[in-house]
>>> print(open('my_file_13.pdb').read())   # PDB, N, CA and C atoms, pLDDT in the B column
MODEL        1
ATOM      1  N   MET A   1     -96.995   8.760 -42.966  1.00 64.00           N
ATOM      2  CA  MET A   1     -96.286   7.699 -42.282  1.00 64.00           C
ATOM      3  C   MET A   1     -94.877   8.173 -41.943  1.00 64.00           C
ATOM      4  N   LEU A   2     -94.388   7.768 -40.774  1.00 69.00           N
ATOM      5  CA  LEU A   2     -93.048   8.159 -40.341  1.00 69.00           C
ATOM      6  C   LEU A   2     -91.986   7.433 -41.153  1.00 69.00           C
ATOM      7  N   LYS A   3     -90.914   8.153 -41.415  1.00 88.00           N
ATOM      8  CA  LYS A   3     -89.804   7.557 -42.155  1.00 88.00           C
ATOM      9  C   LYS A   3     -88.753   7.089 -41.169  1.00 88.00           C
ATOM     10  N   ARG A   4     -87.863   6.266 -41.648  1.00 88.00           N
ATOM     11  CA  ARG A   4     -86.844   5.659 -40.795  1.00 88.00           C
ATOM     12  C   ARG A   4     -86.027   6.701 -40.032  1.00 88.00           C
ATOM     13  N   PRO A   5     -85.530   7.799 -40.627  1.00 87.00           N
ATOM     14  CA  PRO A   5     -84.754   8.787 -39.855  1.00 87.00           C
ATOM     15  C   PRO A   5     -85.569   9.430 -38.736  1.00 87.00           C
ATOM     16  N   GLN A   6     -86.852   9.662 -38.955  1.00 91.00           N
ATOM     17  CA  GLN A   6     -87.697  10.251 -37.921  1.00 91.00           C
ATOM     18  C   GLN A   6     -87.876   9.290 -36.760  1.00 91.00           C
ATOM     19  N   ILE A   7     -88.053   8.024 -37.074  1.00 90.00           N
ATOM     20  CA  ILE A   7     -88.219   7.012 -36.028  1.00 90.00           C
ATOM     21  C   ILE A   7     -86.926   6.896 -35.208  1.00 90.00           C
ATOM     22  N   LEU A   8     -85.784   6.855 -35.889  1.00 92.00           N
ATOM     23  CA  LEU A   8     -84.512   6.749 -35.178  1.00 92.00           C
ATOM     24  C   LEU A   8     -84.237   7.990 -34.332  1.00 92.00           C
ATOM     25  N   ALA A   9     -84.539   9.159 -34.850  1.00 92.00           N
ATOM     26  CA  ALA A   9     -84.321  10.392 -34.089  1.00 92.00           C
ATOM     27  C   ALA A   9     -85.225  10.433 -32.867  1.00 92.00           C
ATOM     28  N   SER A  10     -86.474  10.015 -33.018  1.00 93.00           N
ATOM     29  CA  SER A  10     -87.406   9.985 -31.880  1.00 93.00           C
ATOM     30  C   SER A  10     -86.941   8.987 -30.824  1.00 93.00           C
ATOM     31  N   ALA A  11     -86.504   7.808 -31.264  1.00 94.00           N
ATOM     32  CA  ALA A  11     -86.042   6.791 -30.322  1.00 94.00           C
ATOM     33  C   ALA A  11     -84.790   7.278 -29.589  1.00 94.00           C
ATOM     34  N   PHE A  12     -83.879   7.918 -30.317  1.00 94.00           N
ATOM     35  CA  PHE A  12     -82.666   8.430 -29.685  1.00 94.00           C
ATOM     36  C   PHE A  12     -83.001   9.527 -28.675  1.00 94.00           C
ATOM     37  N   ALA A  13     -83.924  10.426 -29.030  1.00 96.00           N
ATOM     38  CA  ALA A  13     -84.310  11.505 -28.114  1.00 96.00           C
ATOM     39  C   ALA A  13     -84.970  10.943 -26.856  1.00 96.00           C
ATOM     40  N   LEU A  14     -85.815   9.955 -26.994  1.00 95.00           N
ATOM     41  CA  LEU A  14     -86.455   9.337 -25.831  1.00 95.00           C
ATOM     42  C   LEU A  14     -85.428   8.628 -24.943  1.00 95.00           C
ATOM     43  N   ALA A  15     -84.494   7.918 -25.571  1.00 94.00           N
ATOM     44  CA  ALA A  15     -83.467   7.212 -24.795  1.00 94.00           C
ATOM     45  C   ALA A  15     -82.562   8.214 -24.079  1.00 94.00           C
ATOM     46  N   ALA A  16     -82.171   9.292 -24.749  1.00 92.00           N
ATOM     47  CA  ALA A  16     -81.323  10.308 -24.117  1.00 92.00           C
ATOM     48  C   ALA A  16     -82.065  10.983 -22.969  1.00 92.00           C
ATOM     49  N   GLY A  17     -83.341  11.261 -23.158  1.00 90.00           N
ATOM     50  CA  GLY A  17     -84.141  11.862 -22.090  1.00 90.00           C
ATOM     51  C   GLY A  17     -84.247  10.951 -20.881  1.00 90.00           C
ATOM     52  N   ALA A  18     -84.412   9.663 -21.120  1.00 88.00           N
ATOM     53  CA  ALA A  18     -84.499   8.704 -20.014  1.00 88.00           C
ATOM     54  C   ALA A  18     -83.181   8.636 -19.249  1.00 88.00           C
ATOM     55  N   VAL A  19     -82.061   8.684 -19.962  1.00 84.00           N
ATOM     56  CA  VAL A  19     -80.754   8.641 -19.298  1.00 84.00           C
ATOM     57  C   VAL A  19     -80.540   9.895 -18.468  1.00 84.00           C
ATOM     58  N   VAL A  20     -80.897  11.046 -19.007  1.00 83.00           N
ATOM     59  CA  VAL A  20     -80.717  12.304 -18.280  1.00 83.00           C
ATOM     60  C   VAL A  20     -81.592  12.336 -17.035  1.00 83.00           C
ATOM     61  N   LEU A  21     -82.836  11.942 -17.170  1.00 82.00           N
ATOM     62  CA  LEU A  21     -83.745  11.972 -16.023  1.00 82.00           C
ATOM     63  C   LEU A  21     -83.404  10.929 -14.965  1.00 82.00           C
ATOM     64  N   SER A  22     -82.791   9.835 -15.358  1.00 79.00           N
ATOM     65  CA  SER A  22     -82.447   8.814 -14.365  1.00 79.00           C
ATOM     66  C   SER A  22     -81.314   9.278 -13.457  1.00 79.00           C
ATOM     67  N   GLY A  23     -80.540  10.271 -13.878  1.00 72.00           N
ATOM     68  CA  GLY A  23     -79.454  10.781 -13.056  1.00 72.00           C
ATOM     69  C   GLY A  23     -79.871  11.900 -12.132  1.00 72.00           C
ATOM     70  N   CYS A  24     -81.126  12.314 -12.161  1.00 71.00           N
ATOM     71  CA  CYS A  24     -81.576  13.431 -11.324  1.00 71.00           C
ATOM     72  C   CYS A  24     -81.839  12.966  -9.895  1.00 71.00           C
ATOM     73  N   GLY A  25     -81.682  13.875  -8.968  1.00 68.00           N
ATOM     74  CA  GLY A  25     -82.054  13.593  -7.585  1.00 68.00           C
ATOM     75  C   GLY A  25     -80.873  13.214  -6.725  1.00 68.00           C
ATOM     76  N   GLN A  26     -81.064  13.362  -5.442  1.00 65.00           N
ATOM     77  CA  GLN A  26     -80.041  13.013  -4.470  1.00 65.00           C
ATOM     78  C   GLN A  26     -80.225  11.564  -4.073  1.00 65.00           C
ATOM     79  N   LYS A  27     -79.152  10.865  -4.009  1.00 72.00           N
ATOM     80  CA  LYS A  27     -79.198   9.459  -3.607  1.00 72.00           C
ATOM     81  C   LYS A  27     -79.040   9.377  -2.093  1.00 72.00           C
ATOM     82  N   GLY A  28     -79.711   8.455  -1.479  1.00 74.00           N
ATOM     83  CA  GLY A  28     -79.573   8.247  -0.052  1.00 74.00           C
ATOM     84  C   GLY A  28     -80.614   9.016   0.743  1.00 74.00           C
ATOM     85  N   PRO A  29     -80.639   8.807   2.055  1.00 76.00           N
ATOM     86  CA  PRO A  29     -81.639   9.456   2.900  1.00 76.00           C
ATOM     87  C   PRO A  29     -81.356  10.948   3.069  1.00 76.00           C
ATOM     88  N   LEU A  30     -82.408  11.710   3.222  1.00 74.00           N
ATOM     89  CA  LEU A  30     -82.276  13.136   3.480  1.00 74.00           C
ATOM     90  C   LEU A  30     -82.125  13.355   4.983  1.00 74.00           C
ATOM     91  N   TYR A  31     -81.364  14.356   5.371  1.00 78.00           N
ATOM     92  CA  TYR A  31     -81.142  14.646   6.788  1.00 78.00           C
ATOM     93  C   TYR A  31     -80.858  16.122   6.955  1.00 78.00           C
ATOM     94  N   LEU A  32     -81.024  16.610   8.155  1.00 76.00           N
ATOM     95  CA  LEU A  32     -80.665  17.980   8.500  1.00 76.00           C
ATOM     96  C   LEU A  32     -79.281  17.948   9.130  1.00 76.00           C
ATOM     97  N   PRO A  33     -78.327  18.716   8.591  1.00 79.00           N
ATOM     98  CA  PRO A  33     -76.988  18.697   9.168  1.00 79.00           C
ATOM     99  C   PRO A  33     -76.980  19.299  10.563  1.00 79.00           C
ATOM    100  N   THR A  34     -76.202  18.711  11.449  1.00 83.00           N
ATOM    101  CA  THR A  34     -76.157  19.164  12.834  1.00 83.00           C
ATOM    102  C   THR A  34     -74.771  19.627  13.265  1.00 83.00           C
ATOM    103  N   GLU A  35     -73.775  19.512  12.411  1.00 86.00           N
ATOM    104  CA  GLU A  35     -72.429  19.927  12.810  1.00 86.00           C
ATOM    105  C   GLU A  35     -72.378  21.451  12.981  1.00 86.00           C
ATOM    106  N   PRO A  36     -71.436  21.974  13.739  1.00 85.00           N
ATOM    107  CA  PRO A  36     -71.370  23.415  13.993  1.00 85.00           C
ATOM    108  C   PRO A  36     -71.218  24.257  12.716  1.00 85.00           C
ATOM    109  N   ALA A  37     -70.550  23.741  11.716  1.00 82.00           N
ATOM    110  CA  ALA A  37     -70.373  24.503  10.473  1.00 82.00           C
ATOM    111  C   ALA A  37     -71.709  24.739   9.771  1.00 82.00           C
ATOM    112  N   ALA A  38     -72.678  23.873   9.989  1.00 82.00           N
ATOM    113  CA  ALA A  38     -73.976  24.012   9.335  1.00 82.00           C
ATOM    114  C   ALA A  38     -74.771  25.184   9.899  1.00 82.00           C
ATOM    115  N   ALA A  39     -74.451  25.623  11.108  1.00 81.00           N
ATOM    116  CA  ALA A  39     -75.187  26.733  11.712  1.00 81.00           C
ATOM    117  C   ALA A  39     -74.913  28.045  10.987  1.00 81.00           C
ATOM    118  N   GLN A  40     -73.794  28.143  10.293  1.00 80.00           N
ATOM    119  CA  GLN A  40     -73.427  29.373   9.601  1.00 80.00           C
ATOM    120  C   GLN A  40     -73.915  29.411   8.155  1.00 80.00           C
ATOM    121  N   ARG A  41     -74.524  28.342   7.669  1.00 82.00           N
ATOM    122  CA  ARG A  41     -75.000  28.295   6.288  1.00 82.00           C
ATOM    123  C   ARG A  41     -76.317  29.029   6.143  1.00 82.00           C
ATOM    124  N   ALA A  42     -76.559  29.513   4.947  1.00 78.00           N
ATOM    125  CA  ALA A  42     -77.813  30.213   4.667  1.00 78.00           C
ATOM    126  C   ALA A  42     -78.951  29.211   4.564  1.00 78.00           C
ATOM    127  N   THR A  43     -80.140  29.640   4.981  1.00 78.00           N
ATOM    128  CA  THR A  43     -81.330  28.814   4.837  1.00 78.00           C
ATOM    129  C   THR A  43     -81.944  29.075   3.467  1.00 78.00           C
ATOM    130  N   LEU A  44     -82.938  28.301   3.098  1.00 79.00           N
ATOM    131  CA  LEU A  44     -83.566  28.477   1.786  1.00 79.00           C
ATOM    132  C   LEU A  44     -84.167  29.870   1.612  1.00 79.00           C
ATOM    133  N   PRO A  45     -84.936  30.416   2.571  1.00 78.00           N
ATOM    134  CA  PRO A  45     -85.450  31.780   2.371  1.00 78.00           C
ATOM    135  C   PRO A  45     -84.339  32.817   2.233  1.00 78.00           C
ATOM    136  N   GLN A  46     -83.247  32.638   2.966  1.00 80.00           N
ATOM    137  CA  GLN A  46     -82.136  33.577   2.859  1.00 80.00           C
ATOM    138  C   GLN A  46     -81.478  33.475   1.487  1.00 80.00           C
ATOM    139  N   THR A  47     -81.485  32.302   0.916  1.00 81.00           N
ATOM    140  CA  THR A  47     -80.898  32.120  -0.400  1.00 81.00           C
ATOM    141  C   THR A  47     -81.772  32.747  -1.475  1.00 81.00           C
ATOM    142  N   LEU A  48     -83.084  32.591  -1.354  1.00 84.00           N
ATOM    143  CA  LEU A  48     -83.998  33.111  -2.371  1.00 84.00           C
ATOM    144  C   LEU A  48     -84.135  34.623  -2.292  1.00 84.00           C
ATOM    145  N   ILE A  49     -84.190  35.177  -1.079  1.00 81.00           N
ATOM    146  CA  ILE A  49     -84.356  36.620  -0.886  1.00 81.00           C
ATOM    147  C   ILE A  49     -83.235  37.081   0.047  1.00 81.00           C
ATOM    148  N   PRO A  50     -82.071  37.441  -0.503  1.00 69.00           N
ATOM    149  CA  PRO A  50     -80.959  37.838   0.359  1.00 69.00           C
ATOM    150  C   PRO A  50     -81.314  39.036   1.238  1.00 69.00           C
ATOM    151  N   GLY A  51     -81.001  38.947   2.502  1.00 64.00           N
ATOM    152  CA  GLY A  51     -81.248  40.030   3.438  1.00 64.00           C
ATOM    153  C   GLY A  51     -82.654  40.046   4.012  1.00 64.00           C
ATOM    154  N   ALA A  52     -83.524  39.138   3.582  1.00 59.00           N
ATOM    155  CA  ALA A  52     -84.903  39.141   4.065  1.00 59.00           C
ATOM    156  C   ALA A  52     -84.983  38.653   5.507  1.00 59.00           C
ATOM    157  N   LEU A  53     -84.291  37.595   5.797  1.00 55.00           N
ATOM    158  CA  LEU A  53     -84.319  37.030   7.140  1.00 55.00           C
ATOM    159  C   LEU A  53     -82.895  36.946   7.670  1.00 55.00           C
ATOM    160  N   ALA A  54     -82.609  37.661   8.700  1.00 58.00           N
ATOM    161  CA  ALA A  54     -81.285  37.596   9.309  1.00 58.00           C
ATOM    162  C   ALA A  54     -81.245  36.398  10.246  1.00 58.00           C
ATOM    163  N   PRO A  55     -80.132  35.689  10.284  1.00 54.00           N
ATOM    164  CA  PRO A  55     -80.048  34.559  11.199  1.00 54.00           C
ATOM    165  C   PRO A  55     -80.065  35.032  12.645  1.00 54.00           C
ATOM    166  N   ALA A  56     -80.665  34.242  13.506  1.00 59.00           N
ATOM    167  CA  ALA A  56     -80.733  34.579  14.924  1.00 59.00           C
ATOM    168  C   ALA A  56     -79.328  34.495  15.512  1.00 59.00           C
ATOM    169  N   PRO A  57     -78.941  35.461  16.332  1.00 58.00           N
ATOM    170  CA  PRO A  57     -77.603  35.412  16.917  1.00 58.00           C
ATOM    171  C   PRO A  57     -77.480  34.235  17.876  1.00 58.00           C
ATOM    172  N   ALA A  58     -76.303  33.674  17.912  1.00 59.00           N
ATOM    173  CA  ALA A  58     -76.057  32.549  18.803  1.00 59.00           C
ATOM    174  C   ALA A  58     -76.070  33.045  20.241  1.00 59.00           C
ATOM    175  N   PRO A  59     -76.638  32.261  21.148  1.00 61.00           N
ATOM    176  CA  PRO A  59     -76.662  32.695  22.551  1.00 61.00           C
ATOM    177  C   PRO A  59     -75.241  32.748  23.103  1.00 61.00           C
ATOM    178  N   ALA A  60     -74.968  33.787  23.865  1.00 60.00           N
ATOM    179  CA  ALA A  60     -73.642  33.958  24.456  1.00 60.00           C
ATOM    180  C   ALA A  60     -73.480  33.001  25.626  1.00 60.00           C
ATOM    181  N   ALA A  61     -72.309  32.446  25.718  1.00 59.00           N
ATOM    182  CA  ALA A  61     -72.015  31.544  26.829  1.00 59.00           C
ATOM    183  C   ALA A  61     -71.648  32.402  28.039  1.00 59.00           C
ATOM    184  N   SER A  62     -72.549  32.486  28.996  1.00 61.00           N
ATOM    185  CA  SER A  62     -72.293  33.285  30.183  1.00 61.00           C
ATOM    186  C   SER A  62     -72.701  32.499  31.421  1.00 61.00           C
ATOM    187  N   ALA A  63     -72.336  33.049  32.553  1.00 57.00           N
ATOM    188  CA  ALA A  63     -72.686  32.405  33.822  1.00 57.00           C
ATOM    189  C   ALA A  63     -74.186  32.471  34.030  1.00 57.00           C
ATOM    190  N   PRO A  64     -74.762  31.455  34.599  1.00 60.00           N
ATOM    191  CA  PRO A  64     -76.217  31.480  34.834  1.00 60.00           C
ATOM    192  C   PRO A  64     -76.579  32.575  35.835  1.00 60.00           C
ATOM    193  N   THR A  65     -77.688  33.219  35.591  1.00 64.00           N
ATOM    194  CA  THR A  65     -78.149  34.275  36.488  1.00 64.00           C
ATOM    195  C   THR A  65     -79.046  33.672  37.563  1.00 64.00           C
ATOM    196  N   PRO A  66     -78.980  34.214  38.774  1.00 65.00           N
ATOM    197  CA  PRO A  66     -79.824  33.659  39.844  1.00 65.00           C
ATOM    198  C   PRO A  66     -81.297  34.023  39.597  1.00 65.00           C
ATOM    199  N   ASN A  67     -82.160  33.122  40.026  1.00 67.00           N
ATOM    200  CA  ASN A  67     -83.600  33.381  39.895  1.00 67.00           C
ATOM    201  C   ASN A  67     -84.020  34.453  40.896  1.00 67.00           C
ATOM    202  N   THR A  68     -84.779  35.416  40.424  1.00 65.00           N
ATOM    203  CA  THR A  68     -85.302  36.461  41.317  1.00 65.00           C
ATOM    204  C   THR A  68     -86.804  36.367  41.312  1.00 65.00           C
ATOM    205  N   ARG A  69     -87.341  35.772  42.317  1.00 59.00           N
ATOM    206  CA  ARG A  69     -88.777  35.606  42.386  1.00 59.00           C
ATOM    207  C   ARG A  69     -89.381  36.589  43.295  1.00 59.00           C
TER
ENDMDL
END
>>> encode(input="my_file_13.pdb", output="structure tokens")
Amino acid sequence: MLKRPQILASAFALAAGAVVLSGCGQKGPLYLPTEPAAAQRATLPQTLIPGALAPAPAPAASAPTPNTR
């Protein structure tokens, strides 16, 4: 049979675990950032395997070329 200290320790551990787990996670809706500063951030694959995927270079702002058909 469980003794009083074991019961209290188990109850405290369960309560502490519930408090810790209730604070996990991001609050609010998830979204993809669209501001210009976000374009320079690393993606998840780049974070996990550095150097595996290089970011695509930004297109250069140049004059439009005429169509040659």
>>> atom_distance(input="my_file_13.pdb", atom1="atom C of Gly23 (chain A)", atom2="atom C of Gln40 (chain A)")
27.5 Å
>>> atom_distance(input="my_file_13.pdb", atom1="CA of Ile49 (chain A)", atom2="CA of Leu30 (chain A)")
24.0 Å
>>> axis_aligned_box(input="my_file_13.pdb", around="region 33-48 of chain A", padding_each_side="6 Å", output="AutoDock Vina command-line options")
--center_x -77.9 --center_y 26.7 --center_z 5.8 --size_x 27.1 --size_y 27.9 --size_z 28.4
>>> atom_distance(input="my_file_13.pdb", atom1="atom C of Gly17 (chain A)", atom2="CA of Pro5 (chain A)")
19.1 Å
